[in-house]
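A.B. asks: Take a look at the following structure, please.
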Amino acid sequence: MAEALRIGIAGLGTVGASMVRMLQDKAAELTRQCGREITVVGVSARDRNRDRGIDLGNAQWFDDPVALARAGDIDVFVELIGGEDGPALSSVKAALEAGRHVVTANKALLSRHGVQLATIAEKKGVLLNYEAAVAGGIPIIKTMREAMAGNSVTRVFGIMNGTCNYILTRMEAEGISFEDCLADAQRLGYAEADPTFDIEGQDTAHKLSILTSLAFGCRISADDIYLEGISNITQADIRAAAELGYRIKLLGVAQKTESGIEQRVHPTMVPVSSVIAQVHGVTNAVAVETDYLGELLLTGPGAGGDATASAVIGDVADIAKSRPGFQHGPVFGRPARELVPYKRARMRSHEGGYFIRLTVHDRAGVFAAIAKRMADNDISLESIVQHGDATEDAHKTVILVTHETTEAAVRKAVDGIVKDGHLVDKAQVIRIERAA
């Protein structure tokens, strides 16, 4: 049997503790599968004295994760610190430059520095694995890097944030407000005390930027993503979507067009009959559309200590199975030096159309004025519906569903309606997406 694979783990939070526990519980099975033992020889975390409910055995403690990354007695450095800069970046760079394999669950780090780190890894001939960085326990990275050779990807999209999916699921199922759902998510540990990163779409954007690079062979460009979160979704939107045969999900979408690559994260209406509409709670789902394979949809737990730790261990096991002299594949599907610059696509028509909800004054001429603004911007309407009776405040809700049109045209039309003085509240605009 080959010598044991020696790993150092930086970060002993929920994921790190779960990883240590799983390595111990599954030690014999992992040894059989990999043909060698996997041994934790070093760890690093902020608080040496914290009770994590795990036995670190004879693992050496390092106060500095960079020192652990450079330690001569480790083969693999596992980064579970988090954050796009600081100790996470410095320790991963140190490990790669020292010729150590690296496994990370850090999507923020990769979305900001992934190409730089891939360049170092490929120069040193070591692996940089990151399955846990996107969609938790779903093996989407391995699928795209290894199992889809020969396929050209045209579109990748999915539900990549469990917090948002949990909130939207409960809003629909129980008829409660966004604020109440968020409070429950925080109480249950699905959302952070400051949930902005999740609910405003940044978490999904980081993950999408990594998938975009894998799918289209371009450099990561997280700053070129159209971004919109779910904090403005109301029960009125949830109910209207249901009446129209749709369900609202926060999707990350990347697709290749003739003019470049389109990346966007926003609330989306998907047909209730679609598979992705059936993905509820904290579950994630990622769909990949290709020329030969067609459409592939993977679903599973997108977060949580055990799910993420499982993905990390899978990456470590891949390294354990490799042998000296084995030629490692490129980090992002093609050599880092061959990744092309990201080219943002020109504005084009959105095939699925748009849902537009307007709260307007109940007075003569409003419907006609709305219809005129749509016509002036060449927007064809599939339907226009008035909801509810006049309230004491003499307001009505108007629901519009458009045919294929551009974002710019919709925004211009809505701006015109605002200038006409018809709106009582901010307009709600949600894309309608064809989905798996």
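By order of appearance in the structure tokens: chains A, B, ..., then residues from 1 within every chain, and ligands from 1 in the order shown.
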Can you list, as an MDAnalysis selection string, every protein, DNA or RNA residue that comes within 10 Å of Asn151 (chain A) when you count only C-alpha atoms, leaving out same-chain residues fewer than 4 positions away?
C.D. replies: chainID A and resid 144 147 215 289:294
A.B. asks: Could those selected residues go to a file with N, CA and C atoms, as an mmCIF file, in the first residue's frame?
C.D. replies:
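Contents of again21.cif, freshly written:
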data_model
loop_
_atom_site.group_PDB
_atom_site.id
_atom_site.type_symbol
_atom_site.label_atom_id
_atom_site.label_comp_id
_atom_site.auth_asym_id
_atom_site.auth_seq_id
_atom_site.Cartn_x
_atom_site.Cartn_y
_atom_site.Cartn_z
ATOM 1 N N MET A 144 -18.352 18.986 -14.903
ATOM 2 C CA MET A 144 -17.983 19.882 -15.990
ATOM 3 C C MET A 144 -16.517 19.745 -16.384
ATOM 4 N N ALA A 147 -16.379 14.956 -16.869
ATOM 5 C CA ALA A 147 -17.351 14.045 -17.465
ATOM 6 C C ALA A 147 -17.979 14.579 -18.748
ATOM 7 N N ALA A 215 -17.404 26.659 -18.102
ATOM 8 C CA ALA A 215 -18.282 26.375 -19.235
ATOM 9 C C ALA A 215 -17.743 26.927 -20.544
ATOM 10 N N GLU A 289 -26.549 22.982 -20.291
ATOM 11 C CA GLU A 289 -27.037 22.674 -21.636
ATOM 12 C C GLU A 289 -25.844 22.577 -22.579
ATOM 13 N N THR A 290 -25.784 21.477 -23.328
ATOM 14 C CA THR A 290 -24.654 21.234 -24.227
ATOM 15 C C THR A 290 -25.140 20.814 -25.609
ATOM 16 N N ASP A 291 -24.194 20.788 -26.551
ATOM 17 C CA ASP A 291 -24.569 20.426 -27.914
ATOM 18 C C ASP A 291 -24.835 18.931 -28.079
ATOM 19 N N TYR A 292 -24.000 18.066 -27.502
ATOM 20 C CA TYR A 292 -24.171 16.624 -27.695
ATOM 21 C C TYR A 292 -24.956 15.950 -26.575
ATOM 22 N N LEU A 293 -24.608 16.269 -25.346
ATOM 23 C CA LEU A 293 -25.272 15.619 -24.209
ATOM 24 C C LEU A 293 -26.696 16.107 -24.019
ATOM 25 N N GLY A 294 -26.975 17.324 -24.487
ATOM 26 C CA GLY A 294 -28.281 17.918 -24.252
ATOM 27 C C GLY A 294 -28.288 18.633 -22.915
#
A.B. asks: If we count only C-alpha atoms and set the cut-off at 8 Å, which residues sit around Arg170 (chain A), ignoring sequence neighbours fewer than 6 positions away in its own chain? Please answer as an NGL selection string.
C.D. replies: :A and (176 or 181 or 281)
A.B. asks: Okay, now the selection with all heavy atoms, as a short mmCIF file (atom, residue, chain, number, x, y, z; two decimals), in the first residue's frame?
C.D. replies:
data_model
loop_
_atom_site.label_atom_id
_atom_site.label_comp_id
_atom_site.auth_asym_id
_atom_site.auth_seq_id
_atom_site.Cartn_x
_atom_site.Cartn_y
_atom_site.Cartn_z
N ILE A 176 -46.28 33.71 4.08
CA ILE A 176 -45.72 34.67 5.03
C ILE A 176 -44.74 35.60 4.33
O ILE A 176 -44.29 35.33 3.22
CB ILE A 176 -45.04 33.96 6.23
CG1 ILE A 176 -44.01 32.93 5.74
CG2 ILE A 176 -46.06 33.29 7.10
CD1 ILE A 176 -43.35 32.16 6.85
N CYS A 181 -39.79 35.18 6.96
CA CYS A 181 -39.04 34.00 6.49
C CYS A 181 -37.56 34.17 6.78
O CYS A 181 -36.88 33.22 7.21
CB CYS A 181 -39.25 33.80 4.99
SG CYS A 181 -40.84 33.11 4.55
N GLY A 281 -36.77 24.32 -0.48
CA GLY A 281 -35.97 24.42 0.73
C GLY A 281 -34.54 24.82 0.46
O GLY A 281 -34.26 25.64 -0.41
#
A.B. asks: Using DSSP on the backbone coordinates, identify all residues within region 56-91 of chain A classified as strand (DSSP E); present the result as a list in words.
C.D. replies: Gln60, Trp61, Phe62, Val76, Phe77, Val78 and Glu79 of chain A
A.B. asks: Got a sec to tell me which of region 202-401 of chain A DSSP assigns to alpha helix (DSSP H), as a PyMOL selection string?
C.D. replies: chain A and resi 202-216+235-243+305-321+366-376
A.B. asks: Dump C-alpha atoms for the selected residues as a PDB file, in the first residue's frame?
C.D. replies:
ATOM      1  CA  GLN A 202     -23.449  37.966  -4.192  1.00  0.00           C
ATOM      2  CA  ASP A 203     -22.997  34.360  -3.045  1.00  0.00           C
ATOM      3  CA  THR A 204     -24.726  33.070  -6.170  1.00  0.00           C
ATOM      4  CA  ALA A 205     -22.688  35.473  -8.331  1.00  0.00           C
ATOM      5  CA  HIS A 206     -19.383  34.122  -7.004  1.00  0.00           C
ATOM      6  CA  LYS A 207     -20.440  30.566  -7.795  1.00  0.00           C
ATOM      7  CA  LEU A 208     -21.786  31.514 -11.216  1.00  0.00           C
ATOM      8  CA  SER A 209     -18.538  33.250 -12.181  1.00  0.00           C
ATOM      9  CA  ILE A 210     -16.618  30.011 -11.545  1.00  0.00           C
ATOM     10  CA  LEU A 211     -19.074  27.941 -13.591  1.00  0.00           C
ATOM     11  CA  THR A 212     -18.907  30.510 -16.403  1.00  0.00           C
ATOM     12  CA  SER A 213     -15.142  30.085 -16.660  1.00  0.00           C
ATOM     13  CA  LEU A 214     -15.457  26.306 -16.700  1.00  0.00           C
ATOM     14  CA  ALA A 215     -18.282  26.375 -19.235  1.00  0.00           C
ATOM     15  CA  PHE A 216     -16.835  28.828 -21.743  1.00  0.00           C
ATOM     16  CA  GLN A 235     -46.530  37.985  -1.386  1.00  0.00           C
ATOM     17  CA  ALA A 236     -48.202  39.838  -4.258  1.00  0.00           C
ATOM     18  CA  ASP A 237     -45.443  38.561  -6.587  1.00  0.00           C
ATOM     19  CA  ILE A 238     -45.660  35.019  -5.208  1.00  0.00           C
ATOM     20  CA  ARG A 239     -49.444  34.896  -5.682  1.00  0.00           C
ATOM     21  CA  ALA A 240     -49.364  36.441  -9.145  1.00  0.00           C
ATOM     22  CA  ALA A 241     -46.693  33.969 -10.255  1.00  0.00           C
ATOM     23  CA  ALA A 242     -48.805  31.039  -9.047  1.00  0.00           C
ATOM     24  CA  GLU A 243     -51.884  32.313 -10.890  1.00  0.00           C
ATOM     25  CA  GLY A 305     -21.282  21.092   7.272  1.00  0.00           C
ATOM     26  CA  ASP A 306     -21.698  17.467   6.181  1.00  0.00           C
ATOM     27  CA  ALA A 307     -22.586  18.196   2.539  1.00  0.00           C
ATOM     28  CA  THR A 308     -19.692  20.616   2.066  1.00  0.00           C
ATOM     29  CA  ALA A 309     -17.253  18.399   3.958  1.00  0.00           C
ATOM     30  CA  SER A 310     -18.272  15.483   1.756  1.00  0.00           C
ATOM     31  CA  ALA A 311     -17.320  17.471  -1.343  1.00  0.00           C
ATOM     32  CA  VAL A 312     -13.986  18.471   0.218  1.00  0.00           C
ATOM     33  CA  ILE A 313     -13.196  14.866   1.093  1.00  0.00           C
ATOM     34  CA  GLY A 314     -14.091  13.831  -2.448  1.00  0.00           C
ATOM     35  CA  ASP A 315     -11.450  16.250  -3.728  1.00  0.00           C
ATOM     36  CA  VAL A 316      -8.895  14.949  -1.227  1.00  0.00           C
ATOM     37  CA  ALA A 317      -9.699  11.365  -2.232  1.00  0.00           C
ATOM     38  CA  ASP A 318      -9.049  12.216  -5.892  1.00  0.00           C
ATOM     39  CA  ILE A 319      -5.592  13.424  -4.917  1.00  0.00           C
ATOM     40  CA  ALA A 320      -5.008  10.297  -2.814  1.00  0.00           C
ATOM     41  CA  LYS A 321      -5.825   8.115  -5.835  1.00  0.00           C
ATOM     42  CA  VAL A 366     -54.208  54.609 -16.603  1.00  0.00           C
ATOM     43  CA  PHE A 367     -54.591  51.364 -18.578  1.00  0.00           C
ATOM     44  CA  ALA A 368     -54.355  53.235 -21.866  1.00  0.00           C
ATOM     45  CA  ALA A 369     -51.264  55.142 -20.744  1.00  0.00           C
ATOM     46  CA  ILE A 370     -49.523  51.929 -19.634  1.00  0.00           C
ATOM     47  CA  ALA A 371     -50.327  50.214 -22.921  1.00  0.00           C
ATOM     48  CA  LYS A 372     -49.001  53.233 -24.857  1.00  0.00           C
ATOM     49  CA  ARG A 373     -45.683  53.226 -22.986  1.00  0.00           C
ATOM     50  CA  MET A 374     -45.292  49.527 -23.828  1.00  0.00           C
ATOM     51  CA  ALA A 375     -46.132  50.104 -27.496  1.00  0.00           C
ATOM     52  CA  ASP A 376     -43.770  53.096 -27.715  1.00  0.00           C
TER      53      ASP A 376
END
A.B. asks: Given the choices A:Ala345, A:Val429, A:Ala45, A:Ile74, which gets closest to Glu258 (chain A) if the distance is worked out from only C-alpha atoms?
C.D. replies: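 Comparing A:Ala345, A:Val429, A:Ala45, A:Ile74 against Glu258 (chain A), the winner is A:Ala345.
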A.B. asks: Which neighbours of Ser44 (chain A) fall inside 10 Å, counting only C-alpha atoms, when residues of the same chain fewer than 2 positions from it are skipped, and could you give them as a list in words?
C.D. replies: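 That gives Gly8, Ile9, Ala10, Gly11, Leu12, Gly42, Arg46, Asp47, Arg48, Ala59, Gln60, Trp61, Phe62, Asp63, Asp64, Pro65, Val66, Ala67, Leu68, Ala69, Glu79, Leu80 and Ile81 of chain A.
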A.B. asks: Would you save the residues of that selection, restricted to C-alpha atoms, as a PDB file, in the first residue's frame?
C.D. replies:
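Listed below is the output, part22.pdb:
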ATOM      1  CA  GLY A   8      -3.288  20.010   6.806  1.00  0.00           C
ATOM      2  CA  ILE A   9      -6.614  21.723   7.464  1.00  0.00           C
ATOM      3  CA  ALA A  10      -6.864  25.506   7.933  1.00  0.00           C
ATOM      4  CA  GLY A  11     -10.235  26.462   9.401  1.00  0.00           C
ATOM      5  CA  LEU A  12     -12.106  24.330  11.930  1.00  0.00           C
ATOM      6  CA  GLY A  42      -1.691  19.576  10.951  1.00  0.00           C
ATOM      7  CA  ARG A  46      -8.331  31.138  15.325  1.00  0.00           C
ATOM      8  CA  ASP A  47      -9.091  29.607  18.743  1.00  0.00           C
ATOM      9  CA  ARG A  48      -6.944  26.736  19.946  1.00  0.00           C
ATOM     10  CA  ALA A  59      -2.199  16.660  14.574  1.00  0.00           C
ATOM     11  CA  GLN A  60       0.217  19.552  15.051  1.00  0.00           C
ATOM     12  CA  TRP A  61      -1.390  22.905  15.833  1.00  0.00           C
ATOM     13  CA  PHE A  62      -0.376  25.977  13.799  1.00  0.00           C
ATOM     14  CA  ASP A  63      -1.447  29.447  14.867  1.00  0.00           C
ATOM     15  CA  ASP A  64      -0.484  30.744  11.404  1.00  0.00           C
ATOM     16  CA  PRO A  65      -2.181  29.027   8.415  1.00  0.00           C
ATOM     17  CA  VAL A  66       0.668  30.143   6.140  1.00  0.00           C
ATOM     18  CA  ALA A  67       3.104  28.192   8.284  1.00  0.00           C
ATOM     19  CA  LEU A  68       0.847  25.149   7.966  1.00  0.00           C
ATOM     20  CA  ALA A  69       0.668  25.641   4.187  1.00  0.00           C
ATOM     21  CA  GLU A  79      -8.367  25.838   3.037  1.00  0.00           C
ATOM     22  CA  LEU A  80     -11.647  26.319   4.925  1.00  0.00           C
ATOM     23  CA  ILE A  81     -10.940  29.789   6.337  1.00  0.00           C
TER      24      ILE A  81
END
